[in-house]
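Shown next: structure25.txt, given as compact mmCIF, C-alpha atoms.
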# COMPACT_ATOMS: atom_id res chain seq x y z
CA MET A 1 -5.00 -32.50 -88.28
CA LYS A 2 -1.37 -32.59 -89.48
CA ILE A 3 -1.83 -29.43 -91.60
CA ARG A 4 -3.32 -27.58 -88.64
CA THR A 5 -0.43 -28.65 -86.40
CA VAL A 6 2.17 -27.55 -88.98
CA LEU A 7 0.51 -24.14 -89.30
CA MET A 8 0.44 -23.69 -85.53
CA CYS A 9 4.11 -24.70 -85.34
CA CYS A 10 5.02 -22.08 -87.96
CA ILE A 11 3.13 -19.36 -86.09
CA TRP A 12 4.86 -20.32 -82.87
CA LEU A 13 8.30 -20.25 -84.50
CA LEU A 14 7.65 -16.86 -86.06
CA SER A 15 6.74 -15.48 -82.65
CA GLY A 16 10.41 -15.77 -81.71
CA MET A 17 9.64 -16.86 -78.14
CA GLN A 18 11.99 -19.17 -76.26
CA ILE A 19 10.53 -21.85 -74.01
CA GLU A 20 13.35 -21.84 -71.48
CA ALA A 21 13.79 -18.08 -71.19
CA ALA A 22 15.06 -16.99 -67.79
CA PRO A 23 12.33 -15.57 -65.54
CA GLU A 24 12.21 -11.80 -65.08
CA GLN A 25 10.97 -9.68 -62.20
CA GLY A 26 7.24 -9.64 -61.47
CA VAL A 27 4.42 -12.13 -61.22
CA ARG A 28 4.49 -14.55 -64.14
CA ILE A 29 3.10 -18.05 -64.35
CA TYR A 30 4.24 -20.60 -66.92
CA GLU A 31 5.03 -18.15 -69.72
CA PRO A 32 5.26 -17.68 -72.69
CA ALA A 33 1.62 -18.32 -73.53
CA ALA A 34 2.41 -19.23 -77.15
CA SER A 35 4.20 -22.42 -76.15
CA TRP A 36 0.95 -23.89 -74.78
CA ASP A 37 -0.60 -23.88 -78.25
CA VAL A 38 2.01 -26.17 -79.78
CA PRO A 39 3.09 -28.90 -77.33
CA GLU A 40 4.69 -30.76 -80.24
CA LEU A 41 7.49 -28.14 -80.25
CA VAL A 42 8.20 -28.17 -76.53
CA SER A 43 11.52 -29.95 -76.04
CA PRO A 44 13.15 -29.29 -72.67
CA THR A 45 16.77 -30.31 -72.34
CA ARG A 46 17.68 -33.32 -70.24
CA GLU A 47 19.64 -31.12 -67.86
CA SER A 48 16.72 -28.74 -67.31
CA LEU A 49 14.59 -31.62 -66.02
CA LEU A 50 16.92 -32.45 -63.12
CA PHE A 51 16.04 -29.41 -60.96
CA THR A 52 19.51 -29.45 -59.40
CA GLU A 53 20.21 -25.75 -59.93
CA PRO A 54 21.82 -23.86 -57.01
CA VAL A 55 19.30 -21.66 -55.22
CA THR A 56 19.92 -18.23 -53.77
CA ASN A 57 18.40 -18.95 -50.37
CA ARG A 58 18.47 -21.89 -48.01
CA TYR A 59 14.93 -23.18 -48.54
CA ALA A 60 13.95 -25.61 -51.29
CA SER A 61 12.02 -28.83 -51.79
CA ARG A 62 11.88 -31.22 -54.75
CA SER A 63 9.39 -33.90 -55.68
CA PHE A 64 9.62 -36.78 -58.19
CA TYR A 65 6.06 -38.00 -58.74
CA TYR A 66 4.72 -40.99 -60.71
CA THR A 67 1.19 -42.33 -60.92
CA GLY A 68 -0.25 -45.10 -63.05
CA LEU A 69 -3.14 -47.40 -63.82
CA THR A 70 -2.76 -51.08 -64.69
CA ARG A 71 -4.96 -52.82 -67.20
CA ASP A 72 -6.43 -54.77 -64.27
CA GLY A 73 -7.59 -51.56 -62.58
CA TYR A 74 -4.90 -51.08 -59.91
CA VAL A 75 -3.95 -47.45 -59.21
CA TYR A 76 -0.59 -46.50 -57.71
CA VAL A 77 1.31 -43.37 -56.73
CA ILE A 78 5.06 -43.30 -56.02
CA GLN A 79 6.66 -40.07 -54.85
CA VAL A 80 10.26 -39.46 -53.81
CA PHE A 81 10.83 -36.05 -52.22
CA HIS A 82 13.72 -34.00 -50.90
CA TRP A 83 13.51 -31.02 -48.58
CA HIS A 84 16.22 -28.54 -47.59
CA TYR A 85 15.21 -26.00 -44.96
CA ALA A 86 18.08 -24.12 -43.29
CA TRP A 87 19.97 -26.78 -41.31
CA PHE A 88 17.44 -29.50 -42.07
CA ASP A 89 18.00 -31.67 -45.09
CA GLY A 90 16.35 -35.00 -45.84
CA TRP A 91 14.70 -37.41 -48.25
CA GLY A 92 11.45 -39.31 -48.08
CA VAL A 93 9.23 -41.65 -50.07
CA ALA A 94 5.45 -42.02 -50.22
CA VAL A 95 3.53 -44.90 -51.79
CA LEU A 96 -0.16 -45.41 -52.40
CA ALA A 97 -1.59 -48.48 -54.13
CA SER A 98 -5.25 -49.43 -54.49
CA ASP A 99 -6.89 -52.49 -56.00
CA PRO A 100 -10.24 -52.52 -57.88
CA ASP A 101 -12.05 -53.71 -54.74
CA GLY A 102 -11.04 -50.64 -52.76
CA ASN A 103 -8.29 -52.20 -50.65
CA CYS A 104 -5.51 -49.70 -50.23
CA TYR A 105 -1.86 -49.74 -49.15
CA ILE A 106 -0.24 -46.50 -47.94
CA SER A 107 3.29 -45.86 -46.75
CA GLU A 108 5.16 -42.64 -46.00
CA GLY A 109 8.58 -42.43 -44.46
CA ARG A 110 12.06 -40.97 -44.44
CA ILE A 111 15.04 -42.28 -46.38
CA SER A 112 18.36 -42.50 -44.61
CA ASP A 113 20.77 -39.98 -46.15
CA LYS A 114 23.62 -42.40 -45.52
CA LYS A 115 22.02 -44.90 -47.90
CA LEU A 116 21.13 -42.44 -50.68
CA THR A 117 23.13 -41.38 -53.71
CA GLU A 118 22.01 -38.97 -56.42
CA SER A 119 23.62 -38.29 -59.79
CA LYS A 120 24.00 -34.69 -60.94
CA GLU A 121 24.22 -35.62 -64.64
CA ALA A 122 21.00 -37.65 -65.01
CA LEU A 123 18.07 -38.74 -62.90
CA SER A 124 19.49 -41.52 -60.76
CA ILE A 125 18.43 -41.81 -57.13
CA ARG A 126 19.50 -44.96 -55.27
CA PHE A 127 18.92 -45.92 -51.66
CA GLY A 128 19.50 -49.41 -50.36
CA GLY A 129 18.29 -51.78 -53.05
CA ASN A 130 15.82 -49.19 -54.38
CA LEU A 131 16.26 -46.98 -57.40
CA LEU A 132 14.59 -44.31 -59.51
CA GLU A 133 16.40 -43.81 -62.81
CA ASP A 134 15.95 -42.42 -66.31
CA GLU A 135 17.81 -43.69 -69.34
CA GLY A 136 16.64 -41.86 -72.44
CA PRO A 137 12.93 -42.53 -73.03
CA THR A 138 12.86 -45.32 -70.42
CA SER A 139 12.56 -44.99 -66.66
CA ARG A 140 12.84 -47.67 -64.01
CA ILE A 141 11.51 -47.74 -60.47
CA VAL A 142 12.53 -50.49 -58.07
CA LEU A 143 11.08 -50.03 -54.61
CA ALA A 144 10.47 -52.22 -51.59
CA THR A 145 8.67 -51.14 -48.44
CA GLU A 146 6.87 -53.17 -45.83
CA GLY A 147 3.79 -54.48 -47.66
CA PHE A 148 4.66 -53.11 -51.12
CA ARG A 149 7.18 -53.92 -53.82
CA CYS A 150 7.51 -52.89 -57.44
CA ASP A 151 9.83 -53.32 -60.38
CA LEU A 152 8.52 -50.97 -63.06
CA ALA A 153 9.80 -50.30 -66.58
CA ILE A 154 8.30 -47.06 -67.89
CA ARG A 155 8.60 -46.50 -71.65
CA SER A 156 7.61 -43.02 -72.79
CA ILE A 157 4.98 -42.71 -75.49
CA LEU A 158 5.26 -38.90 -75.57
CA PRO A 159 8.45 -36.85 -75.09
CA PRO A 160 9.01 -34.61 -72.03
CA TRP A 161 6.98 -31.41 -71.74
CA THR A 162 7.01 -28.28 -69.60
CA PRO A 163 4.26 -25.73 -68.96
CA GLY A 164 5.69 -22.66 -70.69
CA ASN A 165 9.20 -22.10 -69.36
CA GLY A 166 8.25 -24.10 -66.26
CA TYR A 167 8.52 -21.18 -63.83
CA ALA A 168 5.77 -19.79 -61.59
CA LEU A 169 6.72 -16.55 -59.81
CA LEU A 170 4.01 -15.28 -57.48
CA VAL A 171 5.53 -12.69 -55.16
CA GLY A 172 7.60 -10.49 -57.48
CA ASP A 173 10.81 -11.92 -56.04
CA ASP A 174 12.95 -14.07 -58.32
CA ASP A 175 14.41 -15.83 -55.27
CA ILE A 176 10.98 -17.31 -54.45
CA TYR A 177 9.43 -19.46 -57.15
CA MET A 178 8.07 -22.81 -58.27
CA ARG A 179 9.18 -24.98 -61.16
CA LYS A 180 7.25 -27.75 -62.89
CA ALA A 181 8.19 -30.25 -65.60
CA VAL A 182 6.52 -33.35 -66.98
CA PRO A 183 9.26 -35.75 -68.13
CA VAL A 184 6.67 -38.53 -68.59
CA PRO A 185 3.36 -37.15 -69.92
CA LEU A 186 2.26 -40.63 -71.03
CA ALA A 187 4.12 -43.92 -70.91
CA ALA A 188 3.48 -47.65 -71.19
CA THR A 189 4.45 -49.70 -68.15
CA SER A 190 5.54 -53.27 -67.60
CA GLY A 191 6.99 -55.25 -64.74
CA THR A 192 5.35 -56.22 -61.46
CA LEU A 193 3.56 -54.73 -58.46
CA GLN A 194 3.30 -56.60 -55.18
CA ILE A 195 0.72 -55.45 -52.63
CA GLY A 196 0.85 -57.57 -49.51
CA ASP A 197 1.17 -61.17 -50.65
CA LYS A 198 -0.37 -60.54 -54.08
CA THR A 199 1.84 -59.98 -57.13
CA ILE A 200 0.24 -58.56 -60.30
CA PRO A 201 1.52 -57.53 -63.72
CA ALA A 202 2.13 -53.79 -63.99
CA ASP A 203 1.08 -53.59 -67.66
CA GLY A 204 -0.70 -50.28 -68.14
CA TRP A 205 0.05 -46.57 -68.33
CA CYS A 206 1.91 -43.97 -66.32
CA TYR A 207 2.38 -40.21 -65.89
CA GLY A 208 5.35 -38.57 -64.13
CA ASP A 209 6.16 -34.98 -63.15
CA ARG A 210 8.71 -33.08 -61.10
CA SER A 211 8.39 -30.03 -58.88
CA LEU A 212 10.77 -27.61 -57.24
CA ILE A 213 9.63 -25.04 -54.66
CA VAL A 214 12.15 -22.42 -53.58
CA ALA A 215 10.62 -20.61 -50.61
CA PRO A 216 10.79 -20.52 -46.81
CA PRO A 217 8.31 -22.86 -45.07
CA GLY A 218 4.84 -21.37 -45.11
CA LYS A 219 5.68 -18.64 -47.66
CA LEU A 220 3.68 -20.33 -50.42
CA ASN A 221 0.42 -22.04 -49.44
CA PHE A 222 -2.23 -23.38 -51.79
CA THR A 223 -5.65 -24.84 -52.13
CA GLY A 224 -6.54 -26.78 -55.26
CA SER A 225 -7.36 -29.98 -57.08
CA ALA A 226 -5.45 -32.51 -59.16
CA PHE A 227 -6.13 -35.73 -61.00
CA ARG A 228 -4.34 -37.93 -63.54
CA VAL A 229 -6.49 -40.48 -65.34
CA PHE A 230 -5.92 -43.09 -68.06
CA GLY A 231 -7.77 -45.63 -70.16
CA GLN A 232 -8.68 -47.01 -73.55
CA GLN A 233 -11.92 -46.32 -75.40
CA PRO A 234 -13.70 -48.73 -77.78
CA SER A 235 -13.45 -46.22 -80.62
CA GLY A 236 -9.73 -45.63 -80.05
CA GLY A 237 -8.37 -49.15 -80.39
CA GLU A 238 -5.29 -49.89 -78.32
CA GLU A 239 -4.07 -46.30 -78.09
CA PRO A 240 -4.30 -45.07 -74.46
CA TRP A 241 -5.79 -41.78 -73.32
CA MET A 242 -4.29 -39.55 -70.63
CA LEU A 243 -5.82 -36.52 -68.94
CA ALA A 244 -3.95 -34.63 -66.21
CA LEU A 245 -5.06 -31.59 -64.23
CA LEU A 246 -3.08 -29.72 -61.58
CA ASP A 247 -4.72 -26.50 -60.39
CA TYR A 248 -3.43 -24.47 -57.41
CA THR A 249 -4.63 -21.17 -55.95
CA SER A 250 -2.43 -19.34 -53.46
CA VAL A 251 -3.72 -18.40 -50.01
CA GLY A 252 -2.28 -15.96 -47.50
CA LYS A 253 0.27 -13.60 -49.04
CA PRO A 254 0.01 -13.60 -51.97
CA ALA A 255 -3.63 -14.64 -52.20
CA GLY A 256 -5.68 -15.60 -55.23
CA GLN A 257 -2.79 -16.32 -57.61
CA ARG A 258 -3.78 -19.30 -59.74
CA ILE A 259 -1.27 -21.83 -61.10
CA PRO A 260 -3.15 -23.89 -63.72
CA MET A 261 -1.97 -26.84 -65.82
CA LEU A 262 -4.03 -29.15 -68.01
CA LEU A 263 -2.75 -31.66 -70.54
CA MET A 264 -4.40 -34.38 -72.60
CA ALA A 265 -3.04 -36.92 -75.05
CA HIS A 266 -4.15 -39.92 -77.09
CA GLY A 267 -1.31 -42.30 -77.84
CA ARG A 268 1.49 -40.38 -79.54
CA GLU A 269 -0.78 -37.43 -80.32
CA TRP A 270 -1.17 -34.37 -78.16
CA ILE A 271 -4.81 -33.34 -77.87
CA LEU A 272 -4.29 -30.16 -75.88
CA THR A 273 -2.21 -28.39 -73.26
CA SER A 274 -3.81 -25.38 -71.64
CA LYS A 275 -3.91 -23.01 -68.71
CA GLU A 276 -7.09 -21.39 -70.03
CA TYR A 277 -9.84 -23.67 -68.76
CA GLN A 278 -12.62 -23.60 -66.19
CA ILE A 279 -13.11 -25.86 -63.17
CA THR A 280 -15.67 -25.91 -60.40
CA THR A 281 -15.75 -28.16 -57.36
CA GLY A 282 -18.82 -29.52 -55.60
CA ASP A 283 -20.54 -32.31 -53.69
CA LEU A 284 -18.68 -31.69 -50.43
CA VAL A 285 -18.04 -34.66 -48.16
CA VAL A 286 -16.95 -34.48 -44.51
CA ASP A 287 -13.94 -36.64 -43.71
CA ALA A 288 -14.69 -38.42 -40.44
CA GLY A 289 -11.03 -38.59 -39.45
CA THR A 290 -10.35 -34.85 -39.63
CA SER A 291 -13.87 -33.30 -39.64
CA LEU A 292 -12.71 -31.35 -42.71
CA SER A 293 -14.67 -31.17 -45.97
CA TYR A 294 -13.38 -32.02 -49.43
CA PRO A 295 -15.11 -31.89 -52.84
CA SER A 296 -15.96 -35.25 -54.37
CA ARG A 297 -16.54 -33.78 -57.84
CA VAL A 298 -14.43 -31.53 -60.10
CA HIS A 299 -16.15 -30.22 -63.23
CA LEU A 300 -13.82 -29.35 -66.12
CA SER A 301 -14.52 -27.38 -69.29
CA VAL A 302 -11.97 -26.31 -71.92
CA ARG A 303 -11.74 -25.33 -75.58
CA SER A 304 -8.29 -25.46 -77.16
CA ARG A 305 -6.66 -26.31 -80.52
CA GLY A 306 -10.07 -26.95 -82.07
CA TYR A 307 -11.10 -29.43 -79.35
CA SER A 308 -13.84 -29.05 -76.76
CA LEU A 309 -13.65 -31.13 -73.57
CA GLU A 310 -16.23 -31.19 -70.79
CA GLY A 311 -16.75 -33.62 -67.95
CA ASP A 312 -16.37 -34.47 -64.27
CA TYR A 313 -13.76 -36.15 -62.14
CA LEU A 314 -15.71 -38.10 -59.52
CA CYS A 315 -14.25 -39.46 -56.29
CA ASP A 316 -15.09 -43.15 -55.93
CA ARG A 317 -13.41 -43.42 -52.52
CA LEU A 318 -11.16 -41.41 -50.23
CA VAL A 319 -8.11 -43.52 -49.45
CA ALA A 320 -5.90 -41.27 -47.31
CA THR A 321 -5.56 -37.87 -45.67
CA THR A 322 -1.99 -36.55 -45.43
CA ASP A 323 -0.65 -33.79 -43.21
CA VAL A 324 2.42 -32.64 -45.17
CA ILE A 325 4.25 -31.37 -42.08
CA ASP A 326 4.18 -34.89 -40.64
CA ASN A 327 6.83 -35.80 -43.24
CA PHE A 328 9.28 -33.21 -41.83
CA PRO A 329 11.99 -34.22 -39.34
CA ALA A 330 10.65 -34.13 -35.78
CA LEU A 331 12.57 -31.01 -34.66
CA LEU A 332 11.66 -29.07 -37.81
CA ARG A 333 8.04 -30.27 -37.55
CA THR A 334 7.77 -28.89 -34.03
CA ALA A 335 9.31 -25.56 -35.01
CA VAL A 336 7.32 -24.82 -38.17
CA SER A 337 3.95 -26.04 -36.86
CA VAL A 338 3.90 -23.12 -34.43
CA PHE A 339 4.26 -20.49 -37.13
CA ILE A 340 2.74 -21.77 -40.36
CA LYS A 341 -0.47 -23.29 -41.62
CA ARG A 342 -0.63 -27.04 -42.15
CA PRO A 343 -1.05 -28.28 -45.74
CA ILE A 344 -3.56 -31.14 -45.88
CA ILE A 345 -3.98 -33.46 -48.89
CA PHE A 346 -7.06 -35.60 -49.42
CA ARG A 347 -6.04 -38.54 -51.61
CA MET A 348 -8.71 -40.32 -53.61
CA ILE A 349 -9.34 -42.87 -56.31
CA GLY A 350 -11.88 -41.89 -58.95
CA HIS A 351 -12.77 -41.60 -62.59
CA PHE A 352 -13.40 -38.95 -65.24
CA GLU A 353 -16.57 -39.05 -67.33
CA GLY A 354 -17.00 -36.61 -70.19
CA THR A 355 -17.05 -35.87 -73.89
CA LEU A 356 -14.39 -34.64 -76.27
CA VAL A 357 -15.58 -32.92 -79.43
CA LYS A 358 -12.85 -33.12 -82.07
CA PRO A 359 -12.14 -30.48 -84.74
CA ASP A 360 -14.04 -32.55 -87.34
CA GLY A 361 -17.11 -32.69 -85.07
CA PHE A 362 -16.70 -36.31 -83.95
CA VAL A 363 -17.71 -36.81 -80.32
CA GLU A 364 -15.57 -39.10 -78.17
CA HIS A 365 -17.21 -40.37 -74.99
CA LEU A 366 -14.58 -40.82 -72.30
CA ARG A 367 -14.36 -42.78 -69.09
CA LEU A 368 -10.86 -42.70 -67.61
CA ALA A 369 -9.66 -43.85 -64.20
CA GLY A 370 -6.92 -42.82 -61.79
CA GLY A 371 -5.93 -40.99 -58.63
CA GLY A 372 -6.89 -37.51 -57.52
CA ASP A 373 -6.00 -35.03 -54.76
CA TYR A 374 -7.58 -32.06 -53.04
CA PHE A 375 -5.28 -29.60 -51.24
CA MET A 376 -6.09 -27.23 -48.40
CA VAL A 377 -4.35 -25.47 -45.50
CA VAL A 378 -5.48 -25.33 -41.88
CA ARG A 379 -4.12 -24.02 -38.57
Represent the supplied structure as structure tokens.
Amino acid sequence: MKIRTVLMCCIWLLSGMQIEAAPEQGVRIYEPAASWDVPELVSPTRESLLFTEPVTNRYASRSFYYTGLTRDGYVYVIQVFHWHYAWFDGWGVAVLASDPDGNCYISEGRISDKKLTESKEALSIRFGGNLLEDEGPTSRIVLATEGFRCDLAIRSILPPWTPGNGYALLVGDDDIYMRKAVPVPLAATSGTLQIGDKTIPADGWCYGDRSLIVAPPGKLNFTGSAFRVFGQQPSGGEEPWMLALLDYTSVGKPAGQRIPMLLMAHGREWILTSKEYQITTGDLVVDAGTSLSYPSRVHLSVRSRGYSLEGDYLCDRLVATTDVIDNFPALLRTAVSVFIKRPIIFRMIGHFEGTLVKPDGFVEHLRLAGGGDYFMVVR
């Protein structure tokens, strides 16, 4: 395994490609391709992970996303987001937490700009007594909403990673683009979670990514699927597994442009990172609240770096349906809803069942748990 990784690293170095090369004109998605083959060599700078670059137009939104699984089977998602559309500028926070019995807590709301401070030198977002901060390989999230509290210490097991140079350009215009980075591919967590009156230890595992979309409202719309799952296997001892999929396809103009991202790790070892994989969705279920259908199964198949992974993410329960425009300020929400399609997110708790065939032929049977999403747009 180590010899193979060294050889791949040498090939990648000889290619002369730079991970953080500036994007050029045309449609390009998470290039260069060579960087996907050797995640061990991907080392984004601390500054490049902040997504605080000035943009050339007046439309941008950022997201700071964390999801985890405790050893007791609790799943949580914490997302802090910032939008800037013309004269509208604001922050918000969304929380989802679910216990093993299916009870779920959900909260989405705005953050008062007067209470919020953000550092430009490092990730440090503070509002009231809440904070989201990075300090080297450790992150901390302290958050209190009505019905939910957490004090999380997140200690990275793997270093930060980006898909290629992190840029996705879909319309041939360098002023309209997406960026993605994964500062926390896999981390160990400690601290506490409080859901209602129940406080539990937060010991477990976590994944965290960041997104930047620079585009007018409605310019980039997507359908797609995502899940991030974790767990330990009897054959793997105490080392945790992580599997994360985020797969978008654009609708409207442009249409049919796919933005794929798959990463998998076991403890401190990268298994694979790839945008060359196959997924199919099936077993449609009608959501009673919206009368819209969502897939309750995502089948995944990939061969990369000598590994072969195949399996299904299965929805155990739908826990929320989110209309993204509902998070906009009221005046902006009224204005944009007339002209653009409405992004809808089906949020679910589920598990991945599958097999991983290693380069030496050993077959690892996997069952990993965590949250998933299905994205669509409607009028």
Shell of 10 Å around A:Gln278, only C-alpha atoms, local chain residues under 2 positions omitted, as number ranges by chain
A: 260, 275-276, 280, 299-303, 310
So which residues touch A:Arg342 within 7 Å, counting only C-alpha atoms, skipping near sequence neighbours fewer than 4 positions away, as a ChimeraX atom specification?
/A:323,325,377-379
Using all atoms listed in the file, the shortest atom-to-atom distance to A:Tyr307 among A:Ala288, A:Val363, A:Asp283, A:Met348 belongs to A:Val363
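Across the structure, atom CA of A:Tyr76 and atom CA of A:Leu243 are spaced 15.9 Å apart.
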Neighbours of stretch 98-108 of chain A within 12 Å (all atoms listed in the file; same-chain residues fewer than 5 positions away dropped), as a ChimeraX atom specification?
/A:67-81,91-93,143-149,193-200,316-328,347-350,369-371
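Atom pair atom CA of A:Leu50 / atom CA of A:Tyr30: separated by 17.8 Å.
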Residue nearest A:Val285 among A:Val251, A:Ser156, A:Tyr374, A:Ala215 (counting all atoms listed in the file):
A:Tyr374
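Restricting the calculation to all atoms listed in the file, the smallest distance between A:Leu220 and any of A:Pro160, A:Pro234, A:Pro254, A:Gly267 is found for A:Pro254.
Atom CA of A:Glu47 is positioned 25.3 Å from atom CA of A:Lys114.
Minimum atom-to-atom distances from A:Gly218, A:Gly129, A:Pro137, A:Gly224 to A:Gly252 were compared using all atoms listed in the file, and the lowest value belongs to A:Gly218.
Take the candidates A:Ser304, A:Ser211, A:Asn165, A:Ser296 and check each one against A:Pro44 using all atoms listed in the file; the shortest distance goes to A:Asn165.
Taking all atoms listed in the file into account, A:Ile213 lies nearest to A:Val55 out of the set A:Val298, A:Val55, A:Leu132, A:Ala226.
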